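Below you'll find the structure, written out as structure tokens, and then a few comments.
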Amino acid sequence: MEDSLLNPNQRYAAAALFAIALHHSQVDQARPSTPLPSLAEETISEGVSIGTRASVSDEPQLWIHENSGLLLPVFRFLGVDHRAWPGLKETAGSSSQVRHHLGSFLSFLSDLKVGPSSEINDKELALVKAVDAMVLSMEGSPVSYDEASASREYENKCHKKYSRTATTSESNETSESNETTKGTSPKTSIKEKTYDRVGGQTCDKPVKEATLLSYERKVTILYSLLSACLADDTEGSGNCLQQQKGYDARHRVALRLLATWLGVEWLKVEAMEIMVAYSFMDSVKGVNEEKRKTSEVIWDKWKRGGMIGAAALAGGTMLAISGAAGAGLTGSKVARRIGNIEEFEFKPVGGNHNQGRVAVGILVSGLIYEIEDYVGPWEGHCNNLERYALLWESKNLIALSTAIQDWLTSKIATQLMIEGAMLTVLSTLVAAFALPATLVTASDLIDSQWAVAMDRSDKAGKLLAEVLLKGLQGNRPVTLIGISLGARVIFKCLQCLAETGGDNAGLVERVVLLGAPVSIKDENWEAARKMVAGRFVNAYSTNDWTLGITFRASLLSKGLAGIQPVDDGLGIENIDVTQLIEGHTSYLWKTKQILGLLELDNYYSVFRTTDAEPREEKGLLN
């Protein structure tokens, strides 16, 4: 860190802030473990319930243990004296005094007596200008017109084709049809409220002492810490030797929290991530020329900004990730040794590939009528992830969807819809009462296809876990989002990661399950939650009788995540999307809107159901 803009004492304080953020984010991701009295409250909708505890580790001290590989690589990169490490560990784990420690270290970093010289100040200003230039470059590359147009066309087609069979009554269908004719999305009327997270206080606003720091100093702190998280750490000796496996998802979550405390927009941190990646790519000799040309536009924009000197902070540093130079999931060959899986491949979505993105999104649809349904629900998003859609077992999924479609258009299902009786049927299922004989006979027609699809989804989940364990995503933090059986694939992937052994909790940053056919009581949700470093969302609809009837029998009697909230003591966000989802197939054209309302860029749980349209074009769907 000889090129660092922070002196040794300031690097010590920055390391301490990061350690506190890491502890705070992992001991209790969904609800901060200690109230911070100086912070403002957050307003979210009534559709959200947050658990009182996030079970992220059986041993809370694991992440500060000398062999954990989370804090020590950062300490080493920043050049913090090893004699100070024990004290930093103790400070980080002292949750009872977190508010005091935060204020002290922030005040120290703002102390004029250790403030920057004019030369350092100029360099900090240059760094900020470089970040701003990168942000402008990122904002100047919105979703292409063709992609946005294709997304709207897909959503309109799905709504027109499947809405009739998805409704629970003709009145709902007529109302929704009228909204569509007007060219607007149905608006919810959920009244917003203030959610009391921790003794009436939350941590989604800047810490008061952070206002003492200049914006330039805040950016310098975050850039230095980010560089430490991305650097390949191979130093140390004895018990302290721990080679970093990549950009740990827990590091990214901690940075997200620290940026919130400092009042720095997350988009600025994403710009820094790209800057670090490009400075590495530019310094590496022999990088594939074709991949280099792919990223030439953004890199040239940054250089034209005259801020190339900012790269010196991380220049020459080897990165722990392999994705920065263009490594991706496209074309990845995964041995299909598990069961009878015949199809399992990744298809790029969006335009962020080979452009220095250090985080990945894997999108898994399990509601497939046509091949385009694997990609259609995800197109048109404007975010900064390098995204891939998983194509898996199309033959079986299409057969299942076709069988369900045939059943929904059958005489008995049509009559029940007309009579508005499907919600009564769903209530019967949830209460574990016997299914009406007429429905048993009719739904038996889809049982065989459902059984096969369930089996394949479980096996596909194991394959997805194998992909992540092998680092085919470039050892970058992954966001997993799944619809229907695709959500089950993700859940089984998390279970497999938990069962594999070793420290796999740093692979997955965020998870969103939409209409998941996953039993609440028969599955180990706690183990799955531990594999997710950040937000874990379960979106459900209480009127999704299609999912309920399909997933009936003994499993329904024990609860179903797609139509009910999961135990709120696990740190899982339970999002009620009933007012947005008229039926199971609605997820095909409502996914983008739901993700927009979730605002996944936010460190804290939020689901804004207002009359305003989702701000997807502003890059909030990350």
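Chain labels run A, B, ... following the order of the structure tokens; each chain numbers its residues from 1, and ligands are numbered from 1 in the order shown.
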Within 10 Å of segment 362-368 of chain A using only C-alpha atoms, minus same-chain residues under 4 positions, as a CSV table (one decimal) with N, CA, C and O atoms, in the first residue's frame:
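Saved to out26.csv:
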```csv
chain,number,residue,atom,x,y,z
A,329,LEU,N,-19.7,-17.6,-17.7
A,329,LEU,CA,-20.4,-18.9,-17.6
A,329,LEU,C,-20.7,-19.4,-19.0
A,329,LEU,O,-21.0,-20.5,-19.2
A,346,PHE,N,-25.8,-21.9,-19.8
A,346,PHE,CA,-26.0,-20.6,-19.4
A,346,PHE,C,-26.0,-19.7,-20.7
A,346,PHE,O,-25.2,-19.9,-21.6
A,347,LYS,N,-27.0,-18.7,-20.7
A,347,LYS,CA,-27.1,-17.8,-21.8
A,347,LYS,C,-27.0,-16.4,-21.3
A,347,LYS,O,-27.6,-16.0,-20.3
A,348,PRO,N,-26.1,-15.6,-21.9
A,348,PRO,CA,-25.9,-14.2,-21.5
A,348,PRO,C,-27.2,-13.4,-21.6
A,348,PRO,O,-28.0,-13.6,-22.6
A,349,VAL,N,-27.4,-12.5,-20.7
A,349,VAL,CA,-28.6,-11.6,-20.7
A,349,VAL,C,-28.1,-10.2,-20.5
A,349,VAL,O,-27.3,-10.0,-19.5
A,372,GLU,N,-38.3,-19.1,-25.1
A,372,GLU,CA,-38.0,-17.7,-24.7
A,372,GLU,C,-38.4,-17.4,-23.3
A,372,GLU,O,-37.9,-16.4,-22.7
A,373,ASP,N,-39.1,-18.3,-22.6
A,373,ASP,CA,-39.5,-18.0,-21.2
A,373,ASP,C,-38.3,-18.2,-20.3
A,373,ASP,O,-38.3,-17.8,-19.1
A,374,TYR,N,-37.2,-18.7,-20.7
A,374,TYR,CA,-36.0,-18.8,-19.9
A,374,TYR,C,-35.3,-17.4,-19.8
A,374,TYR,O,-34.7,-17.1,-18.8
A,375,VAL,N,-35.5,-16.6,-20.8
A,375,VAL,CA,-34.8,-15.3,-20.9
A,375,VAL,C,-35.8,-14.1,-20.8
A,375,VAL,O,-35.5,-13.1,-20.1
A,376,GLY,N,-37.0,-14.3,-21.3
A,376,GLY,CA,-37.9,-13.2,-21.4
A,376,GLY,C,-38.2,-12.4,-20.1
A,376,GLY,O,-38.2,-11.2,-20.1
A,377,PRO,N,-38.4,-13.1,-19.0
A,377,PRO,CA,-38.7,-12.4,-17.7
A,377,PRO,C,-37.6,-11.5,-17.2
A,377,PRO,O,-37.8,-10.6,-16.4
A,378,TRP,N,-36.4,-11.7,-17.7
A,378,TRP,CA,-35.2,-11.0,-17.2
A,378,TRP,C,-34.7,-9.9,-18.1
A,378,TRP,O,-33.9,-9.1,-17.7
A,385,LEU,N,-24.9,-5.9,-12.9
A,385,LEU,CA,-24.4,-7.3,-12.8
A,385,LEU,C,-24.1,-7.9,-14.2
A,385,LEU,O,-24.7,-7.4,-15.2
A,386,GLU,N,-23.2,-8.8,-14.2
A,386,GLU,CA,-23.0,-9.6,-15.5
A,386,GLU,C,-24.0,-10.8,-15.3
A,386,GLU,O,-23.8,-11.6,-14.5
A,387,ARG,N,-25.0,-10.8,-16.2
A,387,ARG,CA,-26.1,-11.7,-15.9
A,387,ARG,C,-26.2,-12.8,-16.9
A,387,ARG,O,-25.9,-12.7,-18.1
A,388,TYR,N,-26.6,-14.0,-16.4
A,388,TYR,CA,-26.8,-15.2,-17.2
A,388,TYR,C,-28.1,-15.9,-16.8
A,388,TYR,O,-28.5,-16.0,-15.7
A,389,ALA,N,-28.8,-16.3,-17.9
A,389,ALA,CA,-30.0,-17.1,-17.6
A,389,ALA,C,-29.7,-18.6,-17.8
A,389,ALA,O,-28.9,-19.0,-18.6
A,390,LEU,N,-30.2,-19.4,-16.9
A,390,LEU,CA,-29.9,-20.9,-16.9
A,390,LEU,C,-31.0,-21.6,-17.7
A,390,LEU,O,-32.2,-21.5,-17.4
A,391,LEU,N,-30.5,-22.2,-18.7
A,391,LEU,CA,-31.4,-23.1,-19.6
A,391,LEU,C,-31.3,-24.5,-19.1
A,391,LEU,O,-30.2,-25.1,-19.2
A,392,TRP,N,-32.4,-25.1,-18.6
A,392,TRP,CA,-32.3,-26.4,-18.1
A,392,TRP,C,-33.6,-27.2,-18.3
A,392,TRP,O,-34.7,-26.7,-18.2
A,393,GLU,N,-33.4,-28.4,-18.7
A,393,GLU,CA,-34.5,-29.4,-18.9
A,393,GLU,C,-35.7,-28.9,-19.6
A,393,GLU,O,-36.8,-29.0,-19.1
A,394,SER,N,-35.6,-28.2,-20.7
A,394,SER,CA,-36.7,-27.6,-21.4
A,394,SER,C,-37.8,-28.6,-21.8
A,394,SER,O,-39.0,-28.3,-21.7
A,395,LYS,N,-37.4,-29.8,-22.2
A,395,LYS,CA,-38.4,-30.8,-22.6
A,395,LYS,C,-39.3,-31.1,-21.5
A,395,LYS,O,-40.6,-31.1,-21.7
A,396,ASN,N,-38.8,-31.3,-20.3
A,396,ASN,CA,-39.7,-31.7,-19.1
A,396,ASN,C,-40.5,-30.5,-18.7
A,396,ASN,O,-41.6,-30.7,-18.3
A,397,LEU,N,-39.9,-29.3,-18.6
A,397,LEU,CA,-40.6,-28.2,-18.1
A,397,LEU,C,-41.7,-27.7,-19.1
A,397,LEU,O,-42.8,-27.3,-18.6
A,398,ILE,N,-41.5,-27.8,-20.4
A,398,ILE,CA,-42.5,-27.5,-21.3
A,398,ILE,C,-43.6,-28.5,-21.2
A,398,ILE,O,-44.8,-28.1,-21.3
A,399,ALA,N,-43.3,-29.8,-21.1
A,399,ALA,CA,-44.3,-30.8,-20.9
A,399,ALA,C,-45.2,-30.5,-19.7
A,399,ALA,O,-46.4,-30.7,-19.7
A,400,LEU,N,-44.6,-30.1,-18.6
A,400,LEU,CA,-45.3,-29.9,-17.4
A,400,LEU,C,-46.2,-28.6,-17.6
A,400,LEU,O,-47.4,-28.7,-17.2
A,401,SER,N,-45.7,-27.6,-18.1
A,401,SER,CA,-46.4,-26.3,-18.3
A,401,SER,C,-47.6,-26.6,-19.2
A,401,SER,O,-48.7,-26.1,-19.0
A,402,THR,N,-47.4,-27.4,-20.3
A,402,THR,CA,-48.5,-27.7,-21.2
A,402,THR,C,-49.6,-28.5,-20.5
A,402,THR,O,-50.8,-28.3,-20.7
A,453,ALA,N,-40.4,-33.2,-13.1
A,453,ALA,CA,-39.9,-31.8,-13.1
A,453,ALA,C,-39.3,-31.5,-11.7
A,453,ALA,O,-38.2,-30.9,-11.6
A,457,SER,N,-35.4,-30.6,-11.0
A,457,SER,CA,-35.0,-29.3,-10.4
A,457,SER,C,-34.1,-29.5,-9.2
A,457,SER,O,-33.2,-28.8,-9.0
A,464,LEU,N,-25.9,-26.7,-10.2
A,464,LEU,CA,-25.6,-25.2,-10.0
A,464,LEU,C,-24.6,-25.0,-8.9
A,464,LEU,O,-23.7,-24.2,-9.0
A,473,GLN,N,-18.0,-19.1,-12.2
A,473,GLN,CA,-18.5,-17.7,-12.3
A,473,GLN,C,-17.4,-16.7,-12.2
A,473,GLN,O,-17.7,-15.5,-12.1
A,478,VAL,N,-22.3,-13.9,-6.3
A,478,VAL,CA,-23.4,-14.2,-7.2
A,478,VAL,C,-24.8,-13.8,-6.6
A,478,VAL,O,-25.0,-14.0,-5.4
A,479,THR,N,-25.6,-13.3,-7.4
A,479,THR,CA,-27.0,-13.0,-7.0
A,479,THR,C,-27.9,-14.1,-7.7
A,479,THR,O,-27.8,-14.2,-9.0
A,480,LEU,N,-28.7,-14.8,-7.0
A,480,LEU,CA,-29.5,-15.9,-7.6
A,480,LEU,C,-31.0,-15.4,-7.5
A,480,LEU,O,-31.5,-15.1,-6.4
A,481,ILE,N,-31.7,-15.5,-8.6
A,481,ILE,CA,-33.1,-15.1,-8.7
A,481,ILE,C,-33.8,-16.2,-9.5
A,481,ILE,O,-33.4,-16.6,-10.6
A,482,GLY,N,-34.9,-16.8,-8.9
A,482,GLY,CA,-35.6,-17.9,-9.5
A,482,GLY,C,-37.1,-17.7,-9.5
A,482,GLY,O,-37.7,-17.2,-8.5
A,483,ILE,N,-37.7,-18.2,-10.5
A,483,ILE,CA,-39.2,-18.3,-10.6
A,483,ILE,C,-39.7,-19.7,-10.6
A,483,ILE,O,-39.1,-20.6,-11.3
A,484,SER,N,-40.7,-20.0,-9.8
A,484,SER,CA,-41.3,-21.3,-9.8
A,484,SER,C,-40.3,-22.4,-9.5
A,484,SER,O,-39.6,-22.3,-8.5
A,485,LEU,N,-40.3,-23.4,-10.4
A,485,LEU,CA,-39.3,-24.5,-10.2
A,485,LEU,C,-37.9,-24.0,-10.2
A,485,LEU,O,-37.0,-24.6,-9.7
A,486,GLY,N,-37.6,-22.8,-10.9
A,486,GLY,CA,-36.3,-22.2,-10.9
A,486,GLY,C,-35.9,-21.8,-9.5
A,486,GLY,O,-34.8,-21.8,-9.1
A,487,ALA,N,-36.9,-21.3,-8.7
A,487,ALA,CA,-36.6,-21.0,-7.3
A,487,ALA,C,-36.3,-22.2,-6.5
A,487,ALA,O,-35.4,-22.1,-5.6
A,488,ARG,N,-36.9,-23.3,-6.9
A,488,ARG,CA,-36.5,-24.6,-6.2
A,488,ARG,C,-35.1,-25.0,-6.5
A,488,ARG,O,-34.4,-25.5,-5.7
A,489,VAL,N,-34.7,-24.8,-7.8
A,489,VAL,CA,-33.3,-25.1,-8.2
A,489,VAL,C,-32.3,-24.3,-7.3
A,489,VAL,O,-31.4,-24.9,-6.8
A,490,ILE,N,-32.6,-23.0,-7.1
A,490,ILE,CA,-31.8,-22.2,-6.3
A,490,ILE,C,-31.7,-22.7,-4.8
A,490,ILE,O,-30.7,-22.8,-4.2
A,511,VAL,N,-30.3,-13.6,-2.7
A,511,VAL,CA,-31.2,-14.6,-3.3
A,511,VAL,C,-32.7,-14.0,-3.3
A,511,VAL,O,-33.1,-13.4,-2.3
A,512,VAL,N,-33.4,-14.3,-4.4
A,512,VAL,CA,-34.8,-13.9,-4.5
A,512,VAL,C,-35.5,-15.1,-5.0
A,512,VAL,O,-35.2,-15.6,-6.1
A,513,LEU,N,-36.5,-15.6,-4.3
A,513,LEU,CA,-37.3,-16.8,-4.7
A,513,LEU,C,-38.7,-16.2,-5.0
A,513,LEU,O,-39.4,-15.6,-4.1
A,514,LEU,N,-39.2,-16.5,-6.2
A,514,LEU,CA,-40.5,-16.0,-6.6
A,514,LEU,C,-41.5,-17.2,-6.9
A,514,LEU,O,-41.2,-18.0,-7.8
A,515,GLY,N,-42.5,-17.4,-6.1
A,515,GLY,CA,-43.4,-18.5,-6.3
A,515,GLY,C,-42.8,-19.8,-6.1
A,515,GLY,O,-42.9,-20.7,-7.0
A,516,ALA,N,-42.0,-20.0,-5.0
A,516,ALA,CA,-41.2,-21.2,-4.9
A,516,ALA,C,-42.0,-22.4,-4.4
A,516,ALA,O,-42.6,-22.4,-3.4
A,584,HIS,N,-50.2,-18.0,-10.9
A,584,HIS,CA,-48.8,-18.4,-11.0
A,584,HIS,C,-48.1,-17.9,-12.3
A,584,HIS,O,-46.9,-17.5,-12.2
A,585,THR,N,-48.8,-18.0,-13.4
A,585,THR,CA,-48.1,-17.6,-14.7
A,585,THR,C,-47.8,-16.1,-14.7
A,585,THR,O,-47.1,-15.6,-15.6
A,587,TYR,N,-46.0,-14.4,-12.9
A,587,TYR,CA,-44.6,-14.1,-12.7
A,587,TYR,C,-43.8,-13.9,-14.0
A,587,TYR,O,-42.8,-13.3,-14.0
A,588,LEU,N,-44.3,-14.5,-15.1
A,588,LEU,CA,-43.6,-14.3,-16.4
A,588,LEU,C,-43.6,-12.8,-16.7
A,588,LEU,O,-42.6,-12.4,-17.3
```
Practice problem: Could you pull out the residues in segment 534-595 of chain A that DSSP calls alpha helix (DSSP H) from the backbone, as a list of chain:residue names? | Solution: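 These are the residues in question: A:Trp545, A:Thr546, A:Leu547, A:Gly548, A:Ile549, A:Thr550, A:Tyr587, A:Leu588, A:Trp589, A:Lys590, A:Thr591, A:Lys592, A:Gln593, A:Ile594, A:Leu595.
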Exercise. Name the residues in contact with Glu499 of chain A at a cut-off of 12 Å, using only C-alpha atoms, excluding same-chain residues fewer than 3 positions from it; report them as a list in words.
Key: Lys462, Ala465, Lys492, Cys493, Leu494, Gln495, Cys496, Gly502, Asp503, Asn504, Ala505, Asn524, Ala527, Ala528, Lys530 and Met531 of chain A
Quiz item: Residues at most 9 Å from segment 254-262 of chain A, counting only C-alpha atoms, excluding those fewer than 3 positions away in the same chain, as a PyMOL selection string?
Solution: chain A and resi 17-26+203-211+213+215+218+222+225-226+249-251+265-266+269+534+601-604
Write a file of the selected residues as an mmCIF file, in the first residue's frame, keeping N, CA and C atoms.
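Just written: result-v2.cif:
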```cif
data_model
loop_
_atom_site.group_PDB
_atom_site.id
_atom_site.type_symbol
_atom_site.label_atom_id
_atom_site.label_comp_id
_atom_site.auth_asym_id
_atom_site.auth_seq_id
_atom_site.Cartn_x
_atom_site.Cartn_y
_atom_site.Cartn_z
ATOM 1 N N LEU A 17 -13.274 0.054 10.687
ATOM 2 C CA LEU A 17 -14.630 0.289 10.182
ATOM 3 C C LEU A 17 -15.130 -0.898 9.368
ATOM 4 N N PHE A 18 -14.254 -1.424 8.538
ATOM 5 C CA PHE A 18 -14.639 -2.565 7.706
ATOM 6 C C PHE A 18 -14.940 -3.785 8.573
ATOM 7 N N ALA A 19 -14.112 -4.000 9.609
ATOM 8 C CA ALA A 19 -14.326 -5.146 10.494
ATOM 9 C C ALA A 19 -15.669 -5.034 11.203
ATOM 10 N N ILE A 20 -16.024 -3.835 11.625
ATOM 11 C CA ILE A 20 -17.319 -3.632 12.287
ATOM 12 C C ILE A 20 -18.456 -3.901 11.313
ATOM 13 N N ALA A 21 -18.316 -3.395 10.085
ATOM 14 C CA ALA A 21 -19.358 -3.610 9.078
ATOM 15 C C ALA A 21 -19.498 -5.089 8.758
ATOM 16 N N LEU A 22 -18.385 -5.798 8.694
ATOM 17 C CA LEU A 22 -18.428 -7.229 8.403
ATOM 18 C C LEU A 22 -19.158 -7.977 9.514
ATOM 19 N N HIS A 23 -18.815 -7.637 10.755
ATOM 20 C CA HIS A 23 -19.486 -8.272 11.884
ATOM 21 C C HIS A 23 -20.983 -7.949 11.868
ATOM 22 N N HIS A 24 -21.290 -6.672 11.680
ATOM 23 C CA HIS A 24 -22.677 -6.219 11.749
ATOM 24 C C HIS A 24 -23.531 -6.875 10.665
ATOM 25 N N SER A 25 -22.955 -7.036 9.466
ATOM 26 C CA SER A 25 -23.724 -7.596 8.352
ATOM 27 C C SER A 25 -23.907 -9.101 8.466
ATOM 28 N N GLN A 26 -22.956 -9.782 9.109
ATOM 29 C CA GLN A 26 -23.041 -11.236 9.148
ATOM 30 C C GLN A 26 -23.680 -11.794 10.417
ATOM 31 N N CYS A 203 -30.405 1.492 10.312
ATOM 32 C CA CYS A 203 -29.059 1.939 9.933
ATOM 33 C C CYS A 203 -28.968 2.238 8.441
ATOM 34 N N ASP A 204 -30.065 2.699 7.841
ATOM 35 C CA ASP A 204 -30.054 2.884 6.401
ATOM 36 C C ASP A 204 -29.687 4.308 5.994
ATOM 37 N N LYS A 205 -29.330 5.129 6.964
ATOM 38 C CA LYS A 205 -28.898 6.492 6.681
ATOM 39 C C LYS A 205 -27.462 6.666 7.167
ATOM 40 N N PRO A 206 -26.762 7.681 6.666
ATOM 41 C CA PRO A 206 -25.376 7.882 7.093
ATOM 42 C C PRO A 206 -25.267 8.074 8.602
ATOM 43 N N VAL A 207 -24.198 7.535 9.180
ATOM 44 C CA VAL A 207 -23.895 7.778 10.582
ATOM 45 C C VAL A 207 -23.583 9.263 10.746
ATOM 46 N N LYS A 208 -24.005 9.852 11.865
ATOM 47 C CA LYS A 208 -23.851 11.297 12.078
ATOM 48 C C LYS A 208 -22.407 11.740 11.910
ATOM 49 N N GLU A 209 -21.485 10.978 12.482
ATOM 50 C CA GLU A 209 -20.067 11.362 12.397
ATOM 51 C C GLU A 209 -19.525 11.309 10.974
ATOM 52 N N ALA A 210 -20.216 10.590 10.093
ATOM 53 C CA ALA A 210 -19.753 10.512 8.703
ATOM 54 C C ALA A 210 -19.837 11.858 8.010
ATOM 55 N N THR A 211 -20.695 12.735 8.503
ATOM 56 C CA THR A 211 -20.807 14.063 7.898
ATOM 57 C C THR A 211 -19.558 14.900 8.129
ATOM 58 N N LEU A 213 -16.601 13.804 7.532
ATOM 59 C CA LEU A 213 -15.645 13.423 6.492
ATOM 60 C C LEU A 213 -15.985 14.101 5.182
ATOM 61 N N TYR A 215 -16.338 14.220 1.152
ATOM 62 C CA TYR A 215 -16.756 13.193 0.206
ATOM 63 C C TYR A 215 -15.538 12.507 -0.405
ATOM 64 N N LYS A 218 -14.271 9.873 1.939
ATOM 65 C CA LYS A 218 -15.141 8.696 1.955
ATOM 66 C C LYS A 218 -14.853 7.789 0.759
ATOM 67 N N LEU A 222 -13.387 3.844 0.802
ATOM 68 C CA LEU A 222 -14.079 2.727 0.151
ATOM 69 C C LEU A 222 -13.224 2.109 -0.953
ATOM 70 N N LEU A 225 -10.471 -0.026 0.676
ATOM 71 C CA LEU A 225 -11.012 -1.274 1.221
ATOM 72 C C LEU A 225 -11.434 -2.223 0.105
ATOM 73 N N LEU A 226 -12.035 -1.672 -0.942
ATOM 74 C CA LEU A 226 -12.423 -2.505 -2.086
ATOM 75 C C LEU A 226 -11.207 -3.163 -2.716
ATOM 76 N N ALA A 249 -18.478 -12.844 -1.107
ATOM 77 C CA ALA A 249 -19.777 -12.172 -1.053
ATOM 78 C C ALA A 249 -19.972 -11.434 0.262
ATOM 79 N N ARG A 250 -19.392 -11.964 1.348
ATOM 80 C CA ARG A 250 -19.521 -11.304 2.644
ATOM 81 C C ARG A 250 -18.753 -9.988 2.669
ATOM 82 N N HIS A 251 -17.641 -9.930 1.940
ATOM 83 C CA HIS A 251 -16.917 -8.667 1.809
ATOM 84 C C HIS A 251 -17.780 -7.637 1.092
ATOM 85 N N GLU A 265 -23.471 6.588 -2.449
ATOM 86 C CA GLU A 265 -24.364 5.793 -3.283
ATOM 87 C C GLU A 265 -23.662 4.520 -3.756
ATOM 88 N N TRP A 266 -24.384 3.390 -3.735
ATOM 89 C CA TRP A 266 -23.783 2.118 -4.108
ATOM 90 C C TRP A 266 -23.290 2.124 -5.552
ATOM 91 N N VAL A 269 -19.701 2.783 -5.701
ATOM 92 C CA VAL A 269 -18.851 1.648 -5.354
ATOM 93 C C VAL A 269 -18.749 0.691 -6.535
ATOM 94 N N GLY A 534 -26.056 -11.786 2.016
ATOM 95 C CA GLY A 534 -26.892 -10.594 2.115
ATOM 96 C C GLY A 534 -28.367 -10.918 2.180
ATOM 97 N N ASP A 601 -30.606 -3.090 -4.626
ATOM 98 C CA ASP A 601 -29.400 -2.314 -4.366
ATOM 99 C C ASP A 601 -29.322 -1.868 -2.918
ATOM 100 N N ASN A 602 -30.471 -1.776 -2.268
ATOM 101 C CA ASN A 602 -30.519 -1.342 -0.881
ATOM 102 C C ASN A 602 -29.999 -2.437 0.037
ATOM 103 N N TYR A 603 -29.127 -2.071 0.958
ATOM 104 C CA TYR A 603 -28.612 -3.064 1.913
ATOM 105 C C TYR A 603 -29.730 -3.592 2.794
ATOM 106 N N TYR A 604 -30.635 -2.694 3.193
ATOM 107 C CA TYR A 604 -31.707 -3.089 4.097
ATOM 108 C C TYR A 604 -32.945 -3.543 3.336
#
```
Practice problem: Write out as a PyMOL selection string which residues come within 7 Å of segment 589-595 of chain A when counting only C-alpha atoms, dropping same-chain ones fewer than 3 positions away. | Solution: chain A and resi 155+158-159+377-378+586+598-599+614+621
Quiz item: Which is closest to Met138 of chain A among A:Leu267, A:Ala92, A:Ala84, A:Leu106, if we use only C-alpha atoms?
Solution: A:Leu267
Residues at most 7 Å from Tyr247 of chain A, counting only C-alpha atoms, excluding those fewer than 4 positions away in the same chain, as a tab-separated table (two decimals) with all heavy atoms, in the first residue's frame?
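The result, written out as out01.tsv:
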```tsv
chain	number	residue	atom	x	y	z
A	229	CYS	N	-10.22	-6.05	-0.72
A	229	CYS	CA	-11.13	-7.20	-0.88
A	229	CYS	C	-10.90	-7.94	-2.20
A	229	CYS	O	-11.10	-9.15	-2.28
A	229	CYS	CB	-12.58	-6.74	-0.80
A	229	CYS	SG	-13.09	-6.14	0.82
A	230	LEU	N	-10.49	-7.21	-3.22
A	230	LEU	CA	-10.30	-7.81	-4.54
A	230	LEU	C	-8.90	-8.35	-4.76
A	230	LEU	O	-8.66	-9.12	-5.69
A	230	LEU	CB	-10.61	-6.78	-5.63
A	230	LEU	CG	-12.09	-6.49	-5.89
A	230	LEU	CD1	-12.26	-5.29	-6.80
A	230	LEU	CD2	-12.78	-7.70	-6.49
A	320	ALA	N	-8.05	-11.49	-6.97
A	320	ALA	CA	-8.43	-12.83	-6.54
A	320	ALA	C	-9.51	-13.42	-7.42
A	320	ALA	O	-9.83	-14.60	-7.33
A	320	ALA	CB	-8.91	-12.79	-5.09
A	321	ILE	N	-10.10	-12.59	-8.28
A	321	ILE	CA	-11.16	-13.07	-9.17
A	321	ILE	C	-10.61	-13.29	-10.57
A	321	ILE	O	-9.58	-12.74	-10.95
A	321	ILE	CB	-12.32	-12.06	-9.25
A	321	ILE	CG1	-11.82	-10.71	-9.79
A	321	ILE	CG2	-12.99	-11.88	-7.90
A	321	ILE	CD1	-12.92	-9.70	-10.02
A	475	ASN	N	-15.16	-16.68	-9.65
A	475	ASN	CA	-14.94	-16.39	-8.22
A	475	ASN	C	-15.47	-15.02	-7.83
A	475	ASN	O	-14.85	-14.29	-7.06
A	475	ASN	CB	-13.45	-16.50	-7.88
A	475	ASN	CG	-12.94	-17.93	-8.01
A	475	ASN	OD1	-13.60	-18.86	-7.59
A	475	ASN	ND2	-11.77	-18.09	-8.59
A	476	ARG	N	-16.63	-14.69	-8.39
A	476	ARG	CA	-17.27	-13.41	-8.10
A	476	ARG	C	-18.57	-13.65	-7.32
A	476	ARG	O	-19.22	-14.68	-7.50
A	476	ARG	CB	-17.57	-12.67	-9.41
A	476	ARG	CG	-16.33	-12.26	-10.17
A	476	ARG	CD	-16.67	-11.70	-11.55
A	476	ARG	NE	-17.12	-12.73	-12.48
A	476	ARG	CZ	-17.54	-12.48	-13.72
A	476	ARG	NH1	-17.58	-11.24	-14.16
A	476	ARG	NH2	-17.92	-13.46	-14.50
A	477	PRO	N	-18.99	-12.69	-6.47
A	477	PRO	CA	-20.24	-12.84	-5.72
A	477	PRO	C	-21.42	-13.01	-6.67
A	477	PRO	O	-21.50	-12.36	-7.72
A	477	PRO	CB	-20.35	-11.52	-4.96
A	477	PRO	CG	-18.96	-10.99	-4.88
A	477	PRO	CD	-18.30	-11.43	-6.15
```
Do a neighbour search on Phe75 of chain A at 9 Å with only C-alpha atoms, toss out local chain neighbours closer than 6 positions, and write the hits as a CSV table (one decimal) with N, CA, C and O atoms, in the first residue's frame.
```
chain,number,residue,atom,x,y,z
A,11,ARG,N,-5.3,4.0,7.8
A,11,ARG,CA,-5.6,2.6,7.3
A,11,ARG,C,-6.1,1.7,8.4
A,11,ARG,O,-6.9,0.9,8.2
A,12,TYR,N,-5.5,2.0,9.6
A,12,TYR,CA,-5.9,1.2,10.8
A,12,TYR,C,-7.4,1.5,11.1
A,12,TYR,O,-8.2,0.6,11.3
A,15,ALA,N,-9.6,-0.1,8.4
A,15,ALA,CA,-9.7,-1.5,8.6
A,15,ALA,C,-10.7,-1.8,9.8
A,15,ALA,O,-11.5,-2.8,9.7
A,81,ASP,N,-0.4,-3.0,11.2
A,81,ASP,CA,0.6,-3.7,12.0
A,81,ASP,C,0.0,-5.0,12.6
A,81,ASP,O,-1.1,-4.9,13.2
A,82,HIS,N,0.6,-6.1,12.5
A,82,HIS,CA,0.0,-7.4,12.9
A,82,HIS,C,-0.2,-7.4,14.4
A,82,HIS,O,-1.1,-8.1,15.0
A,85,TRP,N,-3.8,-6.5,15.2
A,85,TRP,CA,-4.9,-7.4,14.7
A,85,TRP,C,-5.8,-7.9,15.9
A,85,TRP,O,-7.0,-7.9,15.7
A,228,ALA,N,-8.5,-3.9,-1.3
A,228,ALA,CA,-8.1,-5.0,-0.3
A,228,ALA,C,-8.9,-6.2,-0.5
A,228,ALA,O,-8.4,-7.4,-0.4
```
